[in-house]
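Trainee: What follows is the file final-v5.cif, containing mmCIF, C-alpha atoms:
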data_data
#
loop_
_atom_site.label_atom_id
_atom_site.label_comp_id
_atom_site.auth_asym_id
_atom_site.auth_seq_id
_atom_site.Cartn_x
_atom_site.Cartn_y
_atom_site.Cartn_z
CA MET A 1 -2.01 109.88 -85.20
CA GLN A 2 -5.65 110.27 -84.26
CA LEU A 3 -7.44 109.08 -81.15
CA ILE A 4 -10.47 106.89 -80.68
CA PRO A 5 -12.94 108.61 -78.33
CA GLY A 6 -12.16 106.76 -75.11
CA LYS A 7 -8.48 107.51 -75.49
CA LEU A 8 -9.20 111.15 -76.25
CA TRP A 9 -11.44 111.43 -73.20
CA GLY A 10 -8.87 109.77 -70.94
CA MET A 11 -6.09 112.03 -72.18
CA ARG A 12 -8.23 115.08 -71.46
CA ARG A 13 -9.06 113.76 -67.98
CA MET A 14 -5.36 113.50 -67.09
CA ALA A 15 -4.54 117.07 -68.10
CA ASP A 16 -5.60 120.52 -67.02
CA ALA A 17 -7.62 122.95 -69.11
CA ASN A 18 -4.46 124.06 -70.89
CA GLY A 19 -3.53 120.52 -71.93
CA LEU A 20 -0.72 120.10 -69.38
CA PHE A 21 -0.08 117.00 -67.29
CA LYS A 22 0.74 117.69 -63.63
CA MET A 23 0.49 114.18 -62.28
CA THR A 24 1.57 112.56 -59.03
CA ALA A 25 2.71 108.94 -58.75
CA VAL A 26 1.49 107.02 -55.70
CA ASP A 27 2.02 103.54 -57.18
CA GLN A 28 5.57 102.92 -55.91
CA ARG A 29 5.91 99.65 -54.06
CA PRO A 30 9.55 98.69 -53.23
CA PRO A 31 10.60 102.35 -52.67
CA ILE A 32 7.93 102.57 -49.95
CA LYS A 33 7.78 99.01 -48.62
CA GLN A 34 11.53 98.54 -48.16
CA PRO A 35 12.20 101.66 -46.04
CA ILE A 36 9.17 100.92 -43.85
CA ALA A 37 10.32 97.35 -43.27
CA ALA A 38 13.82 98.55 -42.46
CA ARG A 39 12.65 101.17 -39.97
CA LEU A 40 10.36 98.66 -38.25
CA GLY A 41 12.97 95.92 -38.27
CA VAL A 42 10.72 93.40 -40.04
CA ASP A 43 11.08 91.35 -43.20
CA GLU A 44 7.88 92.60 -44.82
CA ALA A 45 6.29 96.02 -44.40
CA PRO A 46 2.82 95.78 -42.84
CA TRP A 47 0.11 96.35 -45.43
CA SER A 48 -1.60 98.88 -43.18
CA GLU A 49 1.51 101.08 -42.91
CA VAL A 50 2.13 101.20 -46.66
CA ALA A 51 -1.54 101.83 -47.35
CA ARG A 52 -1.71 104.55 -44.71
CA PHE A 53 1.11 106.48 -46.35
CA LYS A 54 -0.47 106.16 -49.79
CA GLN A 55 -3.81 107.36 -48.47
CA LEU A 56 -2.05 110.37 -47.02
CA LEU A 57 -0.42 111.11 -50.38
CA VAL A 58 -3.81 111.06 -52.08
CA GLU A 59 -5.36 113.32 -49.48
CA LYS A 60 -2.57 115.89 -49.34
CA LEU A 61 -1.34 116.06 -52.95
CA GLN A 62 -4.42 115.69 -55.12
CA ALA A 63 -5.39 119.36 -54.96
CA ASP A 64 -2.31 120.32 -56.98
CA SER A 65 -2.40 117.27 -59.27
CA THR A 66 -4.32 116.93 -62.52
CA ALA A 67 -4.22 113.15 -62.12
CA MET A 68 -2.88 110.54 -59.72
CA LEU A 69 -1.28 107.19 -60.45
CA LEU A 70 -2.47 104.45 -58.08
CA ASP A 71 -1.66 100.77 -57.69
CA PRO A 72 -4.18 97.96 -57.01
CA HIS A 73 -2.28 96.58 -53.99
CA TYR A 74 -2.46 99.55 -51.63
CA ALA A 75 -3.44 102.90 -53.12
CA ILE A 76 -6.72 101.89 -54.73
CA PRO A 77 -8.26 99.90 -51.85
CA GLN A 78 -7.14 102.48 -49.28
CA GLY A 79 -7.26 105.73 -51.22
CA ILE A 80 -9.63 105.71 -54.16
CA ASP A 81 -12.56 106.87 -52.08
CA ARG A 82 -10.42 109.85 -51.01
CA LEU A 83 -9.61 110.82 -54.61
CA SER A 84 -11.81 113.56 -56.02
CA PRO A 85 -13.77 112.60 -59.14
CA ASP A 86 -12.46 115.85 -60.62
CA LYS A 87 -9.02 114.25 -60.85
CA GLY A 88 -7.77 111.87 -63.51
CA LEU A 89 -7.14 108.29 -62.41
CA ILE A 90 -4.22 106.29 -63.82
CA VAL A 91 -3.79 102.69 -62.70
CA THR A 92 -0.65 100.56 -62.69
CA LEU A 93 -0.57 97.24 -64.52
CA GLU A 94 3.04 96.03 -64.21
CA ASP A 95 4.30 93.98 -61.29
CA SER A 96 7.08 95.54 -59.26
CA LEU A 97 8.72 92.11 -59.16
CA PHE A 98 10.61 91.58 -62.40
CA ARG A 99 12.60 88.52 -63.46
CA GLU A 100 16.34 89.04 -63.60
CA THR A 101 18.02 86.81 -66.18
CA PRO A 102 21.64 86.64 -67.38
CA GLY A 103 20.52 88.54 -70.49
CA GLY A 104 18.45 91.23 -68.79
CA ARG A 105 15.17 91.97 -67.02
CA LEU A 106 11.77 90.60 -67.99
CA SER A 107 8.56 92.41 -67.06
CA ALA A 108 5.15 90.95 -66.23
CA SER A 109 1.76 92.23 -65.18
CA ILE A 110 0.39 92.05 -61.65
CA ASP A 111 -1.27 88.70 -61.08
CA ASP A 112 -5.05 88.67 -61.59
CA TRP A 113 -4.93 92.22 -63.00
CA SER A 114 -5.51 93.42 -66.55
CA VAL A 115 -6.36 96.29 -68.89
CA ASP A 116 -9.92 94.96 -68.85
CA LYS A 117 -10.19 95.35 -65.06
CA ILE A 118 -8.56 98.77 -65.11
CA LYS A 119 -11.08 99.94 -67.71
CA ARG A 120 -14.01 98.39 -65.81
CA MET A 121 -13.10 100.18 -62.57
CA GLY A 122 -13.40 103.52 -64.34
CA ALA A 123 -9.75 104.49 -64.75
CA ASP A 124 -8.69 107.08 -67.29
CA ALA A 125 -5.43 105.42 -68.34
CA VAL A 126 -3.28 102.30 -67.99
CA LYS A 127 0.34 102.75 -66.91
CA VAL A 128 3.05 100.18 -67.58
CA LEU A 129 6.73 100.39 -66.71
CA ALA A 130 9.15 98.28 -68.73
CA TRP A 131 12.85 98.04 -67.97
CA TYR A 132 14.79 98.15 -71.21
CA ARG A 133 18.38 98.07 -72.38
CA PRO A 134 18.96 98.13 -76.14
CA ASP A 135 22.16 96.15 -75.56
CA ALA A 136 20.49 93.41 -73.51
CA ALA A 137 20.24 89.91 -74.95
CA PRO A 138 18.17 89.90 -78.18
CA ASP A 139 15.62 87.45 -76.75
CA VAL A 140 15.13 89.68 -73.70
CA CYS A 141 14.65 92.78 -75.86
CA GLN A 142 12.12 90.93 -78.00
CA ALA A 143 10.25 89.62 -74.95
CA GLN A 144 9.96 93.16 -73.58
CA LYS A 145 8.70 94.42 -76.92
CA ASP A 146 6.17 91.60 -77.15
CA TYR A 147 4.90 92.38 -73.65
CA VAL A 148 4.45 96.08 -74.40
CA LYS A 149 2.79 95.36 -77.73
CA ARG A 150 0.20 93.12 -76.04
CA ILE A 151 -0.62 95.88 -73.58
CA GLY A 152 -0.95 98.38 -76.42
CA GLU A 153 -3.34 96.08 -78.26
CA ASP A 154 -5.45 95.62 -75.13
CA CYS A 155 -5.58 99.38 -74.56
CA ALA A 156 -6.79 99.89 -78.12
CA ARG A 157 -9.37 97.12 -77.71
CA PHE A 158 -10.75 98.65 -74.52
CA ASP A 159 -10.30 102.24 -75.76
CA ILE A 160 -8.20 103.56 -72.88
CA PRO A 161 -4.95 105.57 -73.04
CA PHE A 162 -1.68 103.68 -72.71
CA LEU A 163 0.87 105.60 -70.61
CA PHE A 164 4.20 103.87 -71.04
CA GLU A 165 7.21 104.31 -68.76
CA LEU A 166 10.74 103.38 -69.84
CA LEU A 167 13.72 102.91 -67.55
CA VAL A 168 17.21 101.77 -68.46
CA TYR A 169 18.93 99.60 -65.86
CA PRO A 170 22.30 98.05 -65.08
CA LEU A 171 22.98 94.64 -66.55
CA ALA A 172 24.66 92.01 -64.40
CA SER A 173 27.99 92.87 -66.00
CA ASP A 174 27.73 96.58 -65.20
CA ALA A 175 29.36 98.34 -62.30
CA PHE A 176 27.05 99.55 -59.51
CA GLN A 177 24.58 96.78 -60.33
CA THR A 178 21.35 97.25 -58.36
CA THR A 179 17.72 96.21 -58.54
CA ASP A 180 16.51 99.36 -56.75
CA TYR A 181 14.07 101.73 -58.43
CA VAL A 182 16.62 104.51 -58.77
CA GLU A 183 18.29 106.27 -61.65
CA MET A 184 21.06 104.12 -63.05
CA ALA A 185 24.53 105.27 -62.09
CA ALA A 186 26.74 106.02 -65.11
CA LYS A 187 23.67 106.08 -67.35
CA LYS A 188 24.43 106.45 -71.05
CA ALA A 189 22.34 108.88 -73.07
CA ASP A 190 22.57 106.56 -76.09
CA HIS A 191 20.81 103.81 -74.15
CA VAL A 192 17.95 106.11 -73.17
CA LEU A 193 17.51 107.49 -76.67
CA ALA A 194 17.72 104.09 -78.35
CA SER A 195 15.10 102.75 -75.93
CA VAL A 196 12.67 105.55 -76.79
CA GLU A 197 13.27 104.95 -80.48
CA ALA A 198 12.62 101.22 -80.06
CA PHE A 199 9.10 101.79 -78.71
CA ALA A 200 8.06 104.80 -80.80
CA HIS A 201 6.66 102.61 -83.59
CA PRO A 202 2.83 102.83 -83.87
CA ASP A 203 2.55 99.04 -83.42
CA PHE A 204 3.10 99.49 -79.67
CA GLY A 205 0.01 101.68 -79.32
CA ILE A 206 1.56 104.09 -76.83
CA ASP A 207 -0.34 107.32 -76.26
CA VAL A 208 1.95 109.03 -73.73
CA PHE A 209 5.59 108.33 -72.93
CA LYS A 210 6.78 108.70 -69.34
CA LEU A 211 10.50 109.22 -69.82
CA GLU A 212 13.63 109.52 -67.75
CA SER A 213 16.29 112.14 -68.26
CA PRO A 214 18.82 111.14 -70.94
CA VAL A 215 21.56 112.24 -68.53
CA ASN A 216 21.86 111.67 -64.80
CA ALA A 217 19.69 114.25 -63.08
CA ALA A 218 22.71 115.89 -61.49
CA GLY A 219 24.04 116.51 -65.00
CA ALA A 220 21.02 118.50 -66.17
CA ASP A 221 23.05 121.68 -66.03
CA GLY A 222 21.29 123.91 -68.53
CA SER A 223 24.02 123.49 -71.15
CA ALA A 224 23.36 123.39 -74.87
CA GLY A 225 24.77 119.87 -75.11
CA VAL A 226 22.35 118.50 -72.55
CA GLN A 227 19.47 120.38 -74.15
CA ALA A 228 20.30 118.78 -77.48
CA LEU A 229 19.85 115.32 -75.90
CA PHE A 230 16.43 116.27 -74.53
CA ASP A 231 15.47 117.70 -77.91
CA GLU A 232 16.43 114.46 -79.60
CA MET A 233 14.48 112.43 -77.05
CA GLY A 234 11.36 114.47 -77.74
CA ARG A 235 11.81 114.05 -81.46
CA LEU A 236 12.20 110.28 -81.14
CA ALA A 237 9.13 109.95 -78.89
CA GLY A 238 6.91 111.34 -81.64
CA ARG A 239 3.90 111.78 -79.35
CA PRO A 240 3.04 113.55 -76.06
CA TRP A 241 5.53 112.81 -73.30
CA VAL A 242 6.09 113.63 -69.64
CA MET A 243 9.05 113.36 -67.30
CA LEU A 244 9.54 110.95 -64.42
CA SER A 245 11.74 111.77 -61.44
CA ALA A 246 13.41 108.37 -60.69
CA GLY A 247 14.19 109.44 -57.13
CA ALA A 248 15.93 112.69 -58.12
CA GLY A 249 16.07 115.48 -55.56
CA LYS A 250 13.82 118.51 -55.84
CA ALA A 251 16.43 120.88 -57.28
CA GLU A 252 17.76 118.27 -59.71
CA PHE A 253 14.30 117.37 -60.99
CA ARG A 254 13.44 121.04 -61.44
CA ASN A 255 16.47 121.35 -63.72
CA VAL A 256 15.43 118.21 -65.62
CA LEU A 257 11.98 119.68 -66.18
CA ALA A 258 13.42 122.94 -67.50
CA HIS A 259 15.26 120.98 -70.20
CA ALA A 260 12.26 118.74 -70.92
CA PHE A 261 9.77 121.56 -71.34
CA LYS A 262 12.09 123.34 -73.76
CA ALA A 263 12.17 120.09 -75.72
CA GLY A 264 8.38 119.85 -75.94
CA ALA A 265 7.35 117.77 -72.91
CA SER A 266 3.75 118.25 -71.80
CA GLY A 267 4.28 117.93 -68.07
CA PHE A 268 5.38 115.46 -65.46
CA LEU A 269 4.35 112.28 -63.67
CA ALA A 270 6.56 112.25 -60.60
CA GLY A 271 6.56 110.71 -57.15
CA ARG A 272 9.62 110.71 -54.94
CA ALA A 273 10.88 114.13 -56.04
CA ILE A 274 7.61 115.43 -54.64
CA TRP A 275 7.09 113.40 -51.48
CA LEU A 276 10.34 111.61 -50.52
CA ASP A 277 11.52 114.32 -48.12
CA ALA A 278 8.27 113.91 -46.19
CA PHE A 279 8.45 110.12 -46.27
CA ASN A 280 11.92 110.23 -44.72
CA HIS A 281 10.26 111.25 -41.43
CA TYR A 282 8.65 107.80 -41.13
CA PRO A 283 7.37 106.59 -38.68
CA ASP A 284 6.59 110.09 -37.37
CA TRP A 285 3.19 110.53 -39.02
CA ASP A 286 2.74 114.07 -37.75
CA ALA A 287 6.05 115.12 -39.32
CA ILE A 288 5.18 113.35 -42.56
CA THR A 289 1.86 115.15 -42.73
CA ALA A 290 3.37 118.53 -41.97
CA ASP A 291 6.07 118.12 -44.62
CA LEU A 292 3.56 117.01 -47.24
CA GLU A 293 1.38 120.03 -46.51
CA THR A 294 4.31 122.43 -46.81
CA GLY A 295 7.40 121.19 -48.66
CA SER A 296 5.62 118.80 -51.04
CA VAL A 297 2.72 121.10 -51.84
CA ASP A 298 5.03 124.07 -52.33
CA TYR A 299 7.20 122.04 -54.68
CA MET A 300 4.17 120.88 -56.66
CA LYS A 301 3.14 124.49 -57.12
CA GLU A 302 6.65 125.42 -58.20
CA ILE A 303 7.04 122.78 -60.90
CA SER A 304 3.44 123.30 -62.02
CA ALA A 305 4.20 126.99 -62.54
CA LEU A 306 7.24 125.95 -64.57
CA ALA A 307 4.99 123.76 -66.71
CA ASP A 308 2.51 126.60 -67.15
CA ALA A 309 5.31 128.83 -68.40
CA SER A 310 6.99 126.50 -70.87
CA ALA A 311 5.45 123.02 -71.30
CA GLN A 312 3.62 122.07 -74.51
CA ASP A 313 -0.14 121.52 -74.67
CA TRP A 314 -0.40 117.81 -75.45
CA ARG A 315 -3.31 118.45 -77.84
CA SER A 316 -1.10 120.48 -80.14
CA HIS A 317 1.65 117.88 -80.49
CA PRO A 318 2.74 117.60 -84.14
CA CYS A 319 1.82 113.90 -84.20
CA TYR A 320 -1.86 114.90 -84.43
CA GLY A 321 -1.40 117.08 -87.49
CA SER A 322 -2.51 120.65 -88.04
CA GLY A 323 -5.98 120.05 -86.58
CA GLY A 324 -4.68 118.91 -83.19
CA ALA A 325 -5.92 115.94 -81.18
CA GLN A 326 -9.34 114.72 -82.23
CA PHE A 327 -11.00 111.43 -82.94
CA MET A 328 -12.02 110.25 -86.38
CA PRO A 329 -14.48 109.92 -87.96
CA ASN A 330 -16.04 113.02 -86.43
CA ASP A 331 -19.36 112.68 -88.20
CA ALA A 332 -22.51 110.54 -88.02
CA SER A 333 -20.67 107.48 -89.30
CA PHE A 334 -18.88 107.21 -85.96
CA ARG A 335 -21.35 104.80 -84.39
CA HIS A 336 -21.01 102.35 -87.27
CA GLN A 337 -17.22 102.28 -87.20
CA TYR A 338 -16.75 102.25 -83.43
CA GLN A 339 -16.12 98.63 -82.58
CA PRO A 340 -17.27 96.94 -79.34
CA MET A 341 -14.73 95.58 -76.89
CA GLY A 342 -13.22 92.33 -78.12
CA ALA A 343 -14.21 92.93 -81.74
#
Please render this file's structure as structure tokens.
Mentor:
Amino acid sequence: MQLIPGKLWGMRRMADANGLFKMTAVDQRPPIKQPIAARLGVDEAPWSEVARFKQLLVEKLQADSTAMLLDPHYAIPQGIDRLSPDKGLIVTLEDSLFRETPGGRLSASIDDWSVDKIKRMGADAVKVLAWYRPDAAPDVCQAQKDYVKRIGEDCARFDIPFLFELLVYPLASDAFQTTDYVEMAAKKADHVLASVEAFAHPDFGIDVFKLESPVNAAGADGSAGVQALFDEMGRLAGRPWVMLSAGAGKAEFRNVLAHAFKAGASGFLAGRAIWLDAFNHYPDWDAITADLETGSVDYMKEISALADASAQDWRSHPCYGSGGAQFMPNDASFRHQYQPMGA
């Protein structure tokens, strides 16, 4: 694998000087909207309340983040002017509303939103989450693959990194069926690993995987058996990858990261593990702010130090060969071979 220059630049923008990703997710929608609506006793969370919390996350957590993941509904209009230009900017493309069918979940992009617009606004990467179960109906699996492939092609066309998030989910026939954005109960490692393998083919154009633990976070116990699953996940990914938190608690996610970094992960892109404790104070804004400034910031520093000690520089991933990440051709012929958008 080699990178065209826009992708290389975006990847560098998301990482620190040592090639590590320490990224904070502020793009969550249902996990923020639903608790606010419940606490206020209304059907729909007020836009201003959701946006206020996201603005606060940008203000309080960016100092310890190499990049932040924002959504176009709330975080960008309310928080982008608060985000330092020294920080990488990742923008969400997928809609939080997915279509549940008898055969499985179908993803779609946010209406009136595109890779083109994300590139035009100056973002450093496009993020897409796709729910996937390898044992879902064949037509559902193919539809999800087709969707991801289109995004990958657009990211190549507009020369912007594609950061792809995978989550397994319960089918209608499973116990503990839920549509919440939480780690699936009774998750099977085989489903996680097979999902990563399904999207590792170069045709999907993925530059960075954002992956969940192959075991429930509470089961990341430091054992050799669990480590072997993380090792296999890293091998299957075949490119730089980071860990997501999926609502895990601070201690549990720390244990997940320890396994992931040993397996070659290059950092994290996490949200609720970092800021959920603070959010639980809602609607006490003073308490939220105080907890973000102490508990959340302290935790960010802790897991960042863990990354510094044992995560892998994304630029040295084996997928780039012995020379590391670079774009080709790296000579005067570049301007002739670099195609314009839409070519």
Trainee: In Å, rounded to a single decimal, give me how far atom CA of A:Thr24 is from atom CA of A:Asp86.
Mentor: 14.5 Å
Trainee: Using all atoms listed in the file, which of A:Pro138, A:Trp275, A:Arg105, A:Leu3 sits nearest A:Val297?
Mentor: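 Nearest to A:Val297: A:Trp275.
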Trainee: I'd like to know which of A:Val115, A:Ala311, A:Ala270, A:Ala137 is closest to A:Glu165, using only C-alpha atoms.
Mentor: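 Checking each of A:Val115, A:Ala311, A:Ala270, A:Ala137 against A:Glu165, counting only C-alpha atoms, the winner is A:Ala270.
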Trainee: List the spatial neighbours of stretch 42-47 of chain A as a VMD selection string - criterion: any atom at most 10 Å away, only C-alpha atoms, same-chain residues fewer than 5 positions off excluded.
Mentor: chain A and resid 30 32 to 37 52 73 to 74
Trainee: I'd like the interatomic distance between atom CA of A:Ala194 and atom CA of A:Leu93, to a tenth of an Å.
Mentor: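 One can read the atom CA of A:Ala194 to atom CA of A:Leu93 distance as 23.9 Å.
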Trainee: Which of these residues is nearest to A:Lys54, using only C-alpha atoms: A:Ile288, A:Met14, A:Val208, A:Ala237?
Mentor: A:Ile288
Trainee: How close does stretch 1-82 of chain A get to stretch 241-264 of chain A? List, as CSV, each residue of stretch 1-82 of chain A within 12 Å, its nearest atom pair and the distance in Å to one decimal, counting all atoms listed in the file.
Mentor:
residue,atom,partner,partner_atom,distance
A:Met11,CA,A:Trp241,CA,11.7
A:Met14,CA,A:Val242,CA,11.7
A:Ala15,CA,A:Val242,CA,11.3
A:Gly19,CA,A:Trp241,CA,12.0
A:Leu20,CA,A:Val242,CA,9.4
A:Phe21,CA,A:Val242,CA,7.4
A:Lys22,CA,A:Val242,CA,9.0
A:Met23,CA,A:Val242,CA,9.3
A:Thr24,CA,A:Leu244,CA,9.8
A:Ala25,CA,A:Leu244,CA,9.1
A:Gln28,CA,A:Ala246,CA,10.7
A:Pro31,CA,A:Gly247,CA,9.1
A:Ile32,CA,A:Gly247,CA,11.7
Trainee: Would you put the residues from that selection into a file with C-alpha atoms, as a compact mmCIF listing (two decimals), in the frame of the given file?
Mentor:
# COMPACT_ATOMS: atom_id res chain seq x y z
CA MET A 11 -6.09 112.03 -72.18
CA MET A 14 -5.36 113.50 -67.09
CA ALA A 15 -4.54 117.07 -68.10
CA GLY A 19 -3.53 120.52 -71.93
CA LEU A 20 -0.72 120.10 -69.38
CA PHE A 21 -0.08 117.00 -67.29
CA LYS A 22 0.74 117.69 -63.63
CA MET A 23 0.49 114.18 -62.28
CA THR A 24 1.57 112.56 -59.03
CA ALA A 25 2.71 108.94 -58.75
CA GLN A 28 5.57 102.92 -55.91
CA PRO A 31 10.60 102.35 -52.67
CA ILE A 32 7.93 102.57 -49.95
Trainee: Would you kindly return, as a list in words, each protein, DNA or RNA residue with an atom no farther than 8 Å from any atom of A:Met184, considering all atoms listed in the file and excluding same-chain residues fewer than 5 positions away?
Mentor: Val168, Tyr169, Pro170 and Asn216 of chain A
Trainee: Write to file, as a CSV table (one decimal), keeping the file's coordinate frame, the residues of the selection just made, with C-alpha atoms.
Mentor:
chain,number,residue,atom,x,y,z
A,168,VAL,CA,17.2,101.8,-68.5
A,169,TYR,CA,18.9,99.6,-65.9
A,170,PRO,CA,22.3,98.0,-65.1
A,216,ASN,CA,21.9,111.7,-64.8
Trainee: What lies within 7 Å of stretch 190-193 of chain A using all atoms listed in the file, ignoring chain neighbours under 4 positions off, as a ChimeraX atom specification?
Mentor: /A:133-134,168,197,214,233
